[in-house]
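Everything below belongs to structure_26.txt, which stores compact mmCIF, N, CA and C atoms.
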```
# COMPACT_ATOMS: atom_id res chain seq x y z
N MET A 1 -7.16 -13.62 -13.57
CA MET A 1 -6.35 -12.78 -12.72
C MET A 1 -6.05 -11.46 -13.43
N ALA A 2 -6.11 -10.38 -12.70
CA ALA A 2 -5.84 -9.06 -13.27
C ALA A 2 -4.36 -8.95 -13.64
N GLU A 3 -4.07 -8.05 -14.56
CA GLU A 3 -2.68 -7.84 -14.97
C GLU A 3 -1.92 -6.95 -14.00
N LYS A 4 -2.64 -6.16 -13.21
CA LYS A 4 -2.04 -5.23 -12.26
C LYS A 4 -2.72 -5.37 -10.91
N LEU A 5 -2.09 -4.82 -9.90
CA LEU A 5 -2.73 -4.67 -8.61
C LEU A 5 -3.59 -3.41 -8.65
N SER A 6 -4.70 -3.43 -7.99
CA SER A 6 -5.51 -2.23 -7.79
C SER A 6 -5.21 -1.76 -6.38
N VAL A 7 -4.70 -0.53 -6.24
CA VAL A 7 -4.20 -0.04 -4.96
C VAL A 7 -4.93 1.22 -4.54
N ALA A 8 -5.30 1.29 -3.27
CA ALA A 8 -5.88 2.51 -2.70
C ALA A 8 -5.18 2.80 -1.38
N LEU A 9 -4.75 4.05 -1.20
CA LEU A 9 -4.17 4.54 0.04
C LEU A 9 -5.10 5.62 0.56
N ILE A 10 -5.74 5.34 1.68
CA ILE A 10 -6.81 6.20 2.18
C ILE A 10 -6.53 6.62 3.61
N THR A 11 -6.77 7.90 3.92
CA THR A 11 -6.70 8.41 5.28
C THR A 11 -8.10 8.88 5.67
N PRO A 12 -8.32 9.22 6.93
CA PRO A 12 -9.63 9.76 7.30
C PRO A 12 -9.97 11.06 6.56
N GLN A 13 -8.96 11.78 6.10
CA GLN A 13 -9.20 13.05 5.42
C GLN A 13 -9.40 12.93 3.91
N SER A 14 -8.71 11.97 3.26
CA SER A 14 -8.78 11.92 1.80
C SER A 14 -8.22 10.60 1.25
N THR A 15 -8.43 10.41 -0.05
CA THR A 15 -7.78 9.33 -0.78
C THR A 15 -6.47 9.89 -1.30
N VAL A 16 -5.36 9.38 -0.82
CA VAL A 16 -4.03 9.90 -1.17
C VAL A 16 -3.55 9.32 -2.50
N PHE A 17 -3.85 8.04 -2.74
CA PHE A 17 -3.49 7.40 -4.02
C PHE A 17 -4.54 6.35 -4.34
N GLU A 18 -4.90 6.29 -5.62
CA GLU A 18 -5.78 5.23 -6.11
C GLU A 18 -5.41 4.95 -7.56
N GLY A 19 -5.03 3.70 -7.84
CA GLY A 19 -4.65 3.36 -9.20
C GLY A 19 -4.07 1.97 -9.28
N ASP A 20 -3.53 1.65 -10.45
CA ASP A 20 -2.92 0.35 -10.70
C ASP A 20 -1.44 0.38 -10.37
N ALA A 21 -0.92 -0.79 -10.02
CA ALA A 21 0.50 -0.90 -9.69
C ALA A 21 1.01 -2.30 -10.03
N ASP A 22 2.33 -2.39 -10.21
CA ASP A 22 2.98 -3.68 -10.43
C ASP A 22 3.35 -4.33 -9.10
N MET A 23 3.70 -3.48 -8.11
CA MET A 23 4.15 -3.98 -6.81
C MET A 23 3.91 -2.91 -5.76
N VAL A 24 3.65 -3.34 -4.54
CA VAL A 24 3.49 -2.43 -3.41
C VAL A 24 4.32 -2.98 -2.26
N VAL A 25 5.02 -2.09 -1.56
CA VAL A 25 5.74 -2.46 -0.34
C VAL A 25 5.21 -1.56 0.77
N VAL A 26 4.76 -2.18 1.87
CA VAL A 26 4.22 -1.41 2.99
C VAL A 26 5.01 -1.72 4.26
N PRO A 27 5.08 -0.72 5.18
CA PRO A 27 5.76 -0.96 6.45
C PRO A 27 4.79 -1.55 7.47
N ALA A 28 4.74 -2.86 7.56
CA ALA A 28 3.91 -3.49 8.58
C ALA A 28 4.56 -3.22 9.94
N TRP A 29 3.84 -3.46 11.00
CA TRP A 29 4.37 -3.15 12.34
C TRP A 29 5.60 -4.00 12.68
N ASP A 30 5.76 -5.14 12.00
CA ASP A 30 6.89 -6.01 12.32
C ASP A 30 7.87 -6.18 11.15
N GLY A 31 7.81 -5.28 10.17
CA GLY A 31 8.74 -5.33 9.04
C GLY A 31 8.04 -5.05 7.73
N GLU A 32 8.82 -4.87 6.67
CA GLU A 32 8.23 -4.56 5.36
C GLU A 32 7.57 -5.78 4.75
N VAL A 33 6.47 -5.52 4.02
CA VAL A 33 5.77 -6.57 3.30
C VAL A 33 5.69 -6.17 1.83
N GLY A 34 6.19 -7.03 0.95
CA GLY A 34 6.10 -6.81 -0.49
C GLY A 34 4.89 -7.55 -1.05
N ILE A 35 4.13 -6.87 -1.91
CA ILE A 35 2.91 -7.45 -2.45
C ILE A 35 2.95 -7.40 -3.97
N LEU A 36 2.81 -8.57 -4.59
CA LEU A 36 2.72 -8.70 -6.04
C LEU A 36 1.37 -9.31 -6.39
N ARG A 37 1.05 -9.35 -7.68
CA ARG A 37 -0.18 -10.03 -8.12
C ARG A 37 -0.19 -11.45 -7.61
N GLY A 38 -1.37 -11.94 -7.26
CA GLY A 38 -1.50 -13.31 -6.80
C GLY A 38 -1.11 -13.52 -5.34
N HIS A 39 -0.87 -12.43 -4.60
CA HIS A 39 -0.50 -12.55 -3.19
C HIS A 39 -1.64 -13.21 -2.41
N ALA A 40 -1.30 -13.99 -1.43
CA ALA A 40 -2.30 -14.62 -0.57
C ALA A 40 -3.10 -13.54 0.16
N PRO A 41 -4.38 -13.79 0.41
CA PRO A 41 -5.18 -12.83 1.18
C PRO A 41 -4.52 -12.60 2.54
N MET A 42 -4.52 -11.35 2.99
CA MET A 42 -3.94 -11.04 4.29
C MET A 42 -4.43 -9.72 4.80
N MET A 43 -4.26 -9.54 6.09
CA MET A 43 -4.51 -8.26 6.73
C MET A 43 -3.40 -8.08 7.75
N ALA A 44 -2.81 -6.87 7.80
CA ALA A 44 -1.71 -6.62 8.73
C ALA A 44 -1.80 -5.20 9.26
N LEU A 45 -1.31 -5.01 10.47
CA LEU A 45 -1.21 -3.67 11.05
C LEU A 45 -0.04 -2.93 10.42
N LEU A 46 -0.22 -1.63 10.15
CA LEU A 46 0.86 -0.80 9.63
C LEU A 46 1.67 -0.23 10.78
N GLY A 47 2.95 -0.09 10.54
CA GLY A 47 3.81 0.66 11.43
C GLY A 47 3.95 2.06 10.86
N GLU A 48 5.10 2.65 11.09
CA GLU A 48 5.39 3.96 10.50
C GLU A 48 6.58 3.80 9.58
N GLY A 49 6.48 4.37 8.37
CA GLY A 49 7.58 4.26 7.44
C GLY A 49 7.15 4.56 6.02
N GLU A 50 7.95 4.07 5.07
CA GLU A 50 7.74 4.38 3.66
C GLU A 50 6.95 3.28 2.96
N MET A 51 5.89 3.68 2.29
CA MET A 51 5.14 2.79 1.40
C MET A 51 5.60 3.10 -0.02
N ARG A 52 5.91 2.06 -0.79
CA ARG A 52 6.36 2.26 -2.17
C ARG A 52 5.38 1.59 -3.13
N VAL A 53 4.98 2.34 -4.14
CA VAL A 53 4.08 1.84 -5.18
C VAL A 53 4.85 1.88 -6.50
N THR A 54 5.13 0.70 -7.07
CA THR A 54 5.89 0.62 -8.32
C THR A 54 4.92 0.47 -9.48
N ARG A 55 5.06 1.39 -10.45
CA ARG A 55 4.22 1.38 -11.65
C ARG A 55 5.13 1.58 -12.85
N GLY A 56 5.28 0.52 -13.66
CA GLY A 56 6.23 0.61 -14.76
C GLY A 56 7.62 0.78 -14.17
N GLY A 57 8.35 1.77 -14.63
CA GLY A 57 9.68 2.04 -14.09
C GLY A 57 9.68 3.06 -12.98
N ALA A 58 8.51 3.62 -12.63
CA ALA A 58 8.42 4.68 -11.63
C ALA A 58 8.05 4.11 -10.26
N VAL A 59 8.57 4.75 -9.23
CA VAL A 59 8.23 4.38 -7.86
C VAL A 59 7.67 5.61 -7.15
N ASP A 60 6.42 5.51 -6.70
CA ASP A 60 5.81 6.57 -5.90
C ASP A 60 6.03 6.21 -4.44
N ARG A 61 6.43 7.20 -3.64
CA ARG A 61 6.73 6.97 -2.23
C ARG A 61 5.79 7.79 -1.35
N TYR A 62 5.35 7.17 -0.27
CA TYR A 62 4.45 7.83 0.68
C TYR A 62 4.91 7.49 2.09
N HIS A 63 4.85 8.47 2.98
CA HIS A 63 5.14 8.21 4.38
C HIS A 63 3.80 7.90 5.05
N VAL A 64 3.68 6.73 5.65
CA VAL A 64 2.44 6.32 6.31
C VAL A 64 2.73 6.05 7.78
N ALA A 65 1.68 6.21 8.59
CA ALA A 65 1.82 5.97 10.03
C ALA A 65 0.52 5.43 10.59
N GLY A 66 0.57 4.20 11.08
CA GLY A 66 -0.60 3.60 11.71
C GLY A 66 -1.66 3.18 10.71
N GLY A 67 -2.51 2.26 11.13
CA GLY A 67 -3.59 1.78 10.28
C GLY A 67 -3.42 0.32 9.95
N PHE A 68 -3.90 -0.07 8.77
CA PHE A 68 -3.76 -1.47 8.36
C PHE A 68 -3.73 -1.59 6.85
N VAL A 69 -3.29 -2.74 6.37
CA VAL A 69 -3.29 -3.08 4.95
C VAL A 69 -4.08 -4.37 4.79
N GLN A 70 -4.88 -4.41 3.72
CA GLN A 70 -5.64 -5.61 3.40
C GLN A 70 -5.35 -5.98 1.95
N VAL A 71 -5.09 -7.28 1.72
CA VAL A 71 -4.93 -7.80 0.37
C VAL A 71 -6.03 -8.82 0.15
N ALA A 72 -6.84 -8.61 -0.89
CA ALA A 72 -7.92 -9.54 -1.24
C ALA A 72 -7.94 -9.64 -2.75
N GLY A 73 -7.60 -10.82 -3.28
CA GLY A 73 -7.42 -10.94 -4.72
C GLY A 73 -6.25 -10.07 -5.12
N ASP A 74 -6.41 -9.29 -6.15
CA ASP A 74 -5.35 -8.36 -6.57
C ASP A 74 -5.71 -6.93 -6.19
N VAL A 75 -6.41 -6.78 -5.06
CA VAL A 75 -6.80 -5.46 -4.55
C VAL A 75 -6.07 -5.24 -3.23
N VAL A 76 -5.32 -4.13 -3.17
CA VAL A 76 -4.57 -3.76 -1.97
C VAL A 76 -5.19 -2.48 -1.41
N SER A 77 -5.73 -2.58 -0.20
CA SER A 77 -6.33 -1.42 0.47
C SER A 77 -5.48 -1.06 1.67
N VAL A 78 -4.99 0.18 1.68
CA VAL A 78 -4.17 0.66 2.79
C VAL A 78 -4.94 1.79 3.46
N MET A 79 -5.34 1.57 4.70
CA MET A 79 -6.04 2.58 5.48
C MET A 79 -5.06 3.06 6.53
N SER A 80 -4.67 4.33 6.45
CA SER A 80 -3.65 4.83 7.34
C SER A 80 -4.16 6.06 8.10
N GLU A 81 -3.71 6.18 9.33
CA GLU A 81 -4.07 7.36 10.12
C GLU A 81 -3.48 8.62 9.49
N ARG A 82 -2.27 8.50 8.95
CA ARG A 82 -1.61 9.62 8.27
C ARG A 82 -0.87 9.09 7.05
N ALA A 83 -0.91 9.83 5.97
CA ALA A 83 -0.16 9.47 4.76
C ALA A 83 0.11 10.74 3.96
N GLU A 84 1.34 10.86 3.50
CA GLU A 84 1.69 12.00 2.66
C GLU A 84 2.76 11.59 1.67
N PRO A 85 2.76 12.22 0.49
CA PRO A 85 3.79 11.90 -0.50
C PRO A 85 5.16 12.21 0.07
N GLY A 86 6.13 11.45 -0.37
CA GLY A 86 7.47 11.77 0.07
C GLY A 86 8.33 10.60 0.04
```
Encoded form using structure tokens:
Amino acid sequence: MAEKLSVALITPQSTVFEGDADMVVVPAWDGEVGILRGHAPMMALLGEGEMRVTRGGAVDRYHVAGGFVQVAGDVVSVMSERAEPG
């Protein structure tokens, strides 16, 4: 098992974030989902809201709207219609 999550936040225009993380929280259409290493495989629709990527003591925040999140192994792929830092 990897020591970190591998995370990618991608929009149709660009890759907004790509890197390692300790934890990710995404706004699914029916509530927030927290993802740590070893999370069960899943796919969920994104709603609109704040995605948080925790790395060490820092938290990167992104506003995302629409799309989906996929967790496979320790890889988190977030494909969003719109995403921007904030």
Per DSSP on the backbone, filter range 36-82 of chain A down to the residues in strand (DSSP E or B) and report them as number ranges by chain. A: 42-46, 48-55, 58-72, 75-82
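The space separating atom C of His63 in chain A from atom N of Asp30 in chain A comes to 14.9 Å.
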Place a sphere of radius 7 Å on (-5.7, 5.9, 13.0) in the file coordinates and name every protein, DNA or RNA residue with an atom inside or on its surface, counting all atoms listed in the file; give the answer as number ranges by chain. A: 65-67, 80-82
Have a look at A:Gly56, A:Gly86, A:Gly49, A:Gly38 and name the one nearest to Asp74 in chain A; count all atoms listed in the file.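 When distances to Asp74 in chain A are compared using all atoms listed in the file, the smallest one comes from A:Gly38.
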Which one of A:Glu48, A:Thr11, A:Ala40, A:Thr54 sits closest to Val24 in chain A if you count all atoms listed in the file?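 Comparing A:Glu48, A:Thr11, A:Ala40, A:Thr54 against Val24 in chain A, the winner is A:Thr54.
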Near Glu50 in chain A, counting all atoms listed in the file, which residues have an atom at most 7 Å away, once you skip same-chain residues fewer than 6 positions from it, shown as a list in words? Val25, Val26, Pro27, Arg61, Tyr62, His63 and Val64 of chain A
Distance of CA of Asp22 in chain A from CA of Val53 in chain A, expressed in Å to one decimal place: 7.7 Å
One-decimal distance in Å that lies between CA of Glu3 in chain A and atom C of Ala44 in chain A: 24.4 Å
Shortest contact to Met43 in chain A, candidates A:Ala28, A:Gln70, A:Ser77, A:Glu18, atoms counted only N, CA and C atoms, goes to A:Gln70
Which of these, A:Met79, A:Val7, A:Val59, A:Val69, has the shortest distance to Arg37 in chain A once you count only C-alpha atoms? A:Val7
Quick test: take range 7-22 of chain A, keep all heavy atoms, and write it as a PDB file, in the first residue's frame.
```pdb
ATOM      1  N   VAL A   7      -3.457  12.076  -6.065  1.00  0.00           N
ATOM      2  CA  VAL A   7      -4.670  12.837  -6.352  1.00  0.00           C
ATOM      3  C   VAL A   7      -4.509  13.647  -7.628  1.00  0.00           C
ATOM      4  O   VAL A   7      -3.469  14.273  -7.851  1.00  0.00           O
ATOM      5  CB  VAL A   7      -4.993  13.806  -5.185  1.00  0.00           C
ATOM      6  CG1 VAL A   7      -6.267  14.588  -5.450  1.00  0.00           C
ATOM      7  CG2 VAL A   7      -5.087  13.047  -3.870  1.00  0.00           C
ATOM      8  N   ALA A   8      -5.546  13.640  -8.456  1.00  0.00           N
ATOM      9  CA  ALA A   8      -5.588  14.489  -9.654  1.00  0.00           C
ATOM     10  C   ALA A   8      -6.946  15.169  -9.709  1.00  0.00           C
ATOM     11  O   ALA A   8      -7.977  14.519  -9.551  1.00  0.00           O
ATOM     12  CB  ALA A   8      -5.357  13.671 -10.906  1.00  0.00           C
ATOM     13  N   LEU A   9      -6.939  16.486  -9.913  1.00  0.00           N
ATOM     14  CA  LEU A   9      -8.142  17.284 -10.125  1.00  0.00           C
ATOM     15  C   LEU A   9      -8.055  17.846 -11.529  1.00  0.00           C
ATOM     16  O   LEU A   9      -7.175  18.657 -11.823  1.00  0.00           O
ATOM     17  CB  LEU A   9      -8.238  18.404  -9.085  1.00  0.00           C
ATOM     18  CG  LEU A   9      -9.338  19.456  -9.287  1.00  0.00           C
ATOM     19  CD1 LEU A   9     -10.720  18.806  -9.378  1.00  0.00           C
ATOM     20  CD2 LEU A   9      -9.280  20.492  -8.189  1.00  0.00           C
ATOM     21  N   ILE A  10      -8.955  17.385 -12.386  1.00  0.00           N
ATOM     22  CA  ILE A  10      -8.856  17.694 -13.813  1.00  0.00           C
ATOM     23  C   ILE A  10     -10.159  18.299 -14.307  1.00  0.00           C
ATOM     24  O   ILE A  10     -11.247  17.831 -13.947  1.00  0.00           O
ATOM     25  CB  ILE A  10      -8.540  16.408 -14.602  1.00  0.00           C
ATOM     26  CG1 ILE A  10      -7.220  15.818 -14.100  1.00  0.00           C
ATOM     27  CG2 ILE A  10      -8.484  16.669 -16.105  1.00  0.00           C
ATOM     28  CD1 ILE A  10      -6.946  14.414 -14.581  1.00  0.00           C
ATOM     29  N   THR A  11     -10.048  19.348 -15.139  1.00  0.00           N
ATOM     30  CA  THR A  11     -11.198  19.934 -15.820  1.00  0.00           C
ATOM     31  C   THR A  11     -10.992  19.733 -17.319  1.00  0.00           C
ATOM     32  O   THR A  11      -9.905  19.336 -17.748  1.00  0.00           O
ATOM     33  CB  THR A  11     -11.312  21.447 -15.533  1.00  0.00           C
ATOM     34  OG1 THR A  11     -10.233  22.128 -16.164  1.00  0.00           O
ATOM     35  CG2 THR A  11     -11.330  21.740 -14.044  1.00  0.00           C
ATOM     36  N   PRO A  12     -12.000  20.033 -18.129  1.00  0.00           N
ATOM     37  CA  PRO A  12     -11.796  19.926 -19.577  1.00  0.00           C
ATOM     38  C   PRO A  12     -10.690  20.858 -20.092  1.00  0.00           C
ATOM     39  O   PRO A  12     -10.069  20.577 -21.117  1.00  0.00           O
ATOM     40  CB  PRO A  12     -13.156  20.336 -20.158  1.00  0.00           C
ATOM     41  CG  PRO A  12     -14.135  20.006 -19.089  1.00  0.00           C
ATOM     42  CD  PRO A  12     -13.403  20.288 -17.795  1.00  0.00           C
ATOM     43  N   GLN A  13     -10.405  21.930 -19.358  1.00  0.00           N
ATOM     44  CA  GLN A  13      -9.401  22.893 -19.796  1.00  0.00           C
ATOM     45  C   GLN A  13      -7.987  22.574 -19.321  1.00  0.00           C
ATOM     46  O   GLN A  13      -7.026  22.876 -20.009  1.00  0.00           O
ATOM     47  CB  GLN A  13      -9.759  24.308 -19.318  1.00  0.00           C
ATOM     48  CG  GLN A  13     -10.988  24.892 -19.963  1.00  0.00           C
ATOM     49  CD  GLN A  13     -12.276  24.330 -19.380  1.00  0.00           C
ATOM     50  OE1 GLN A  13     -12.339  23.943 -18.215  1.00  0.00           O
ATOM     51  NE2 GLN A  13     -13.300  24.264 -20.209  1.00  0.00           N
ATOM     52  N   SER A  14      -7.841  21.989 -18.117  1.00  0.00           N
ATOM     53  CA  SER A  14      -6.492  21.804 -17.573  1.00  0.00           C
ATOM     54  C   SER A  14      -6.484  20.860 -16.368  1.00  0.00           C
ATOM     55  O   SER A  14      -7.523  20.517 -15.824  1.00  0.00           O
ATOM     56  CB  SER A  14      -5.904  23.151 -17.129  1.00  0.00           C
ATOM     57  OG  SER A  14      -6.619  23.648 -16.019  1.00  0.00           O
ATOM     58  N   THR A  15      -5.276  20.491 -15.964  1.00  0.00           N
ATOM     59  CA  THR A  15      -5.075  19.783 -14.707  1.00  0.00           C
ATOM     60  C   THR A  15      -4.873  20.848 -13.638  1.00  0.00           C
ATOM     61  O   THR A  15      -3.893  21.589 -13.672  1.00  0.00           O
ATOM     62  CB  THR A  15      -3.863  18.848 -14.783  1.00  0.00           C
ATOM     63  OG1 THR A  15      -4.090  17.885 -15.810  1.00  0.00           O
ATOM     64  CG2 THR A  15      -3.629  18.139 -13.464  1.00  0.00           C
ATOM     65  N   VAL A  16      -5.794  20.945 -12.700  1.00  0.00           N
ATOM     66  CA  VAL A  16      -5.762  21.992 -11.671  1.00  0.00           C
ATOM     67  C   VAL A  16      -4.833  21.597 -10.523  1.00  0.00           C
ATOM     68  O   VAL A  16      -4.118  22.426  -9.975  1.00  0.00           O
ATOM     69  CB  VAL A  16      -7.193  22.273 -11.159  1.00  0.00           C
ATOM     70  CG1 VAL A  16      -7.191  23.314 -10.054  1.00  0.00           C
ATOM     71  CG2 VAL A  16      -8.092  22.702 -12.315  1.00  0.00           C
ATOM     72  N   PHE A  17      -4.831  20.312 -10.162  1.00  0.00           N
ATOM     73  CA  PHE A  17      -3.937  19.810  -9.108  1.00  0.00           C
ATOM     74  C   PHE A  17      -3.557  18.378  -9.437  1.00  0.00           C
ATOM     75  O   PHE A  17      -4.400  17.586  -9.874  1.00  0.00           O
ATOM     76  CB  PHE A  17      -4.620  19.833  -7.731  1.00  0.00           C
ATOM     77  CG  PHE A  17      -3.803  19.197  -6.649  1.00  0.00           C
ATOM     78  CD1 PHE A  17      -2.835  19.923  -5.984  1.00  0.00           C
ATOM     79  CD2 PHE A  17      -3.969  17.863  -6.314  1.00  0.00           C
ATOM     80  CE1 PHE A  17      -2.051  19.331  -4.992  1.00  0.00           C
ATOM     81  CE2 PHE A  17      -3.202  17.262  -5.329  1.00  0.00           C
ATOM     82  CZ  PHE A  17      -2.238  17.996  -4.670  1.00  0.00           C
ATOM     83  N   GLU A  18      -2.287  18.059  -9.204  1.00  0.00           N
ATOM     84  CA  GLU A  18      -1.825  16.681  -9.323  1.00  0.00           C
ATOM     85  C   GLU A  18      -0.684  16.495  -8.334  1.00  0.00           C
ATOM     86  O   GLU A  18       0.289  17.239  -8.361  1.00  0.00           O
ATOM     87  CB  GLU A  18      -1.351  16.393 -10.749  1.00  0.00           C
ATOM     88  CG  GLU A  18      -1.056  14.925 -10.997  1.00  0.00           C
ATOM     89  CD  GLU A  18      -0.857  14.622 -12.472  1.00  0.00           C
ATOM     90  OE1 GLU A  18      -0.563  15.540 -13.249  1.00  0.00           O
ATOM     91  OE2 GLU A  18      -0.996  13.443 -12.826  1.00  0.00           O
ATOM     92  N   GLY A  19      -0.844  15.542  -7.412  1.00  0.00           N
ATOM     93  CA  GLY A  19       0.192  15.314  -6.426  1.00  0.00           C
ATOM     94  C   GLY A  19      -0.255  14.350  -5.352  1.00  0.00           C
ATOM     95  O   GLY A  19      -1.316  13.730  -5.443  1.00  0.00           O
ATOM     96  N   ASP A  20       0.567  14.227  -4.323  1.00  0.00           N
ATOM     97  CA  ASP A  20       0.288  13.333  -3.202  1.00  0.00           C
ATOM     98  C   ASP A  20      -0.477  14.068  -2.117  1.00  0.00           C
ATOM     99  O   ASP A  20      -0.355  15.288  -1.973  1.00  0.00           O
ATOM    100  CB  ASP A  20       1.593  12.793  -2.616  1.00  0.00           C
ATOM    101  CG  ASP A  20       2.306  11.839  -3.563  1.00  0.00           C
ATOM    102  OD1 ASP A  20       1.630  11.281  -4.450  1.00  0.00           O
ATOM    103  OD2 ASP A  20       3.525  11.655  -3.414  1.00  0.00           O
ATOM    104  N   ALA A  21      -1.251  13.305  -1.350  1.00  0.00           N
ATOM    105  CA  ALA A  21      -2.026  13.893  -0.258  1.00  0.00           C
ATOM    106  C   ALA A  21      -2.215  12.868   0.851  1.00  0.00           C
ATOM    107  O   ALA A  21      -2.116  11.662   0.623  1.00  0.00           O
ATOM    108  CB  ALA A  21      -3.384  14.364  -0.767  1.00  0.00           C
ATOM    109  N   ASP A  22      -2.488  13.379   2.053  1.00  0.00           N
ATOM    110  CA  ASP A  22      -2.810  12.524   3.192  1.00  0.00           C
ATOM    111  C   ASP A  22      -4.307  12.228   3.235  1.00  0.00           C
ATOM    112  O   ASP A  22      -4.725  11.158   3.671  1.00  0.00           O
ATOM    113  CB  ASP A  22      -2.398  13.205   4.499  1.00  0.00           C
ATOM    114  CG  ASP A  22      -0.899  13.458   4.548  1.00  0.00           C
ATOM    115  OD1 ASP A  22      -0.134  12.527   4.255  1.00  0.00           O
ATOM    116  OD2 ASP A  22      -0.507  14.589   4.876  1.00  0.00           O
TER     117      ASP A  22
END
```
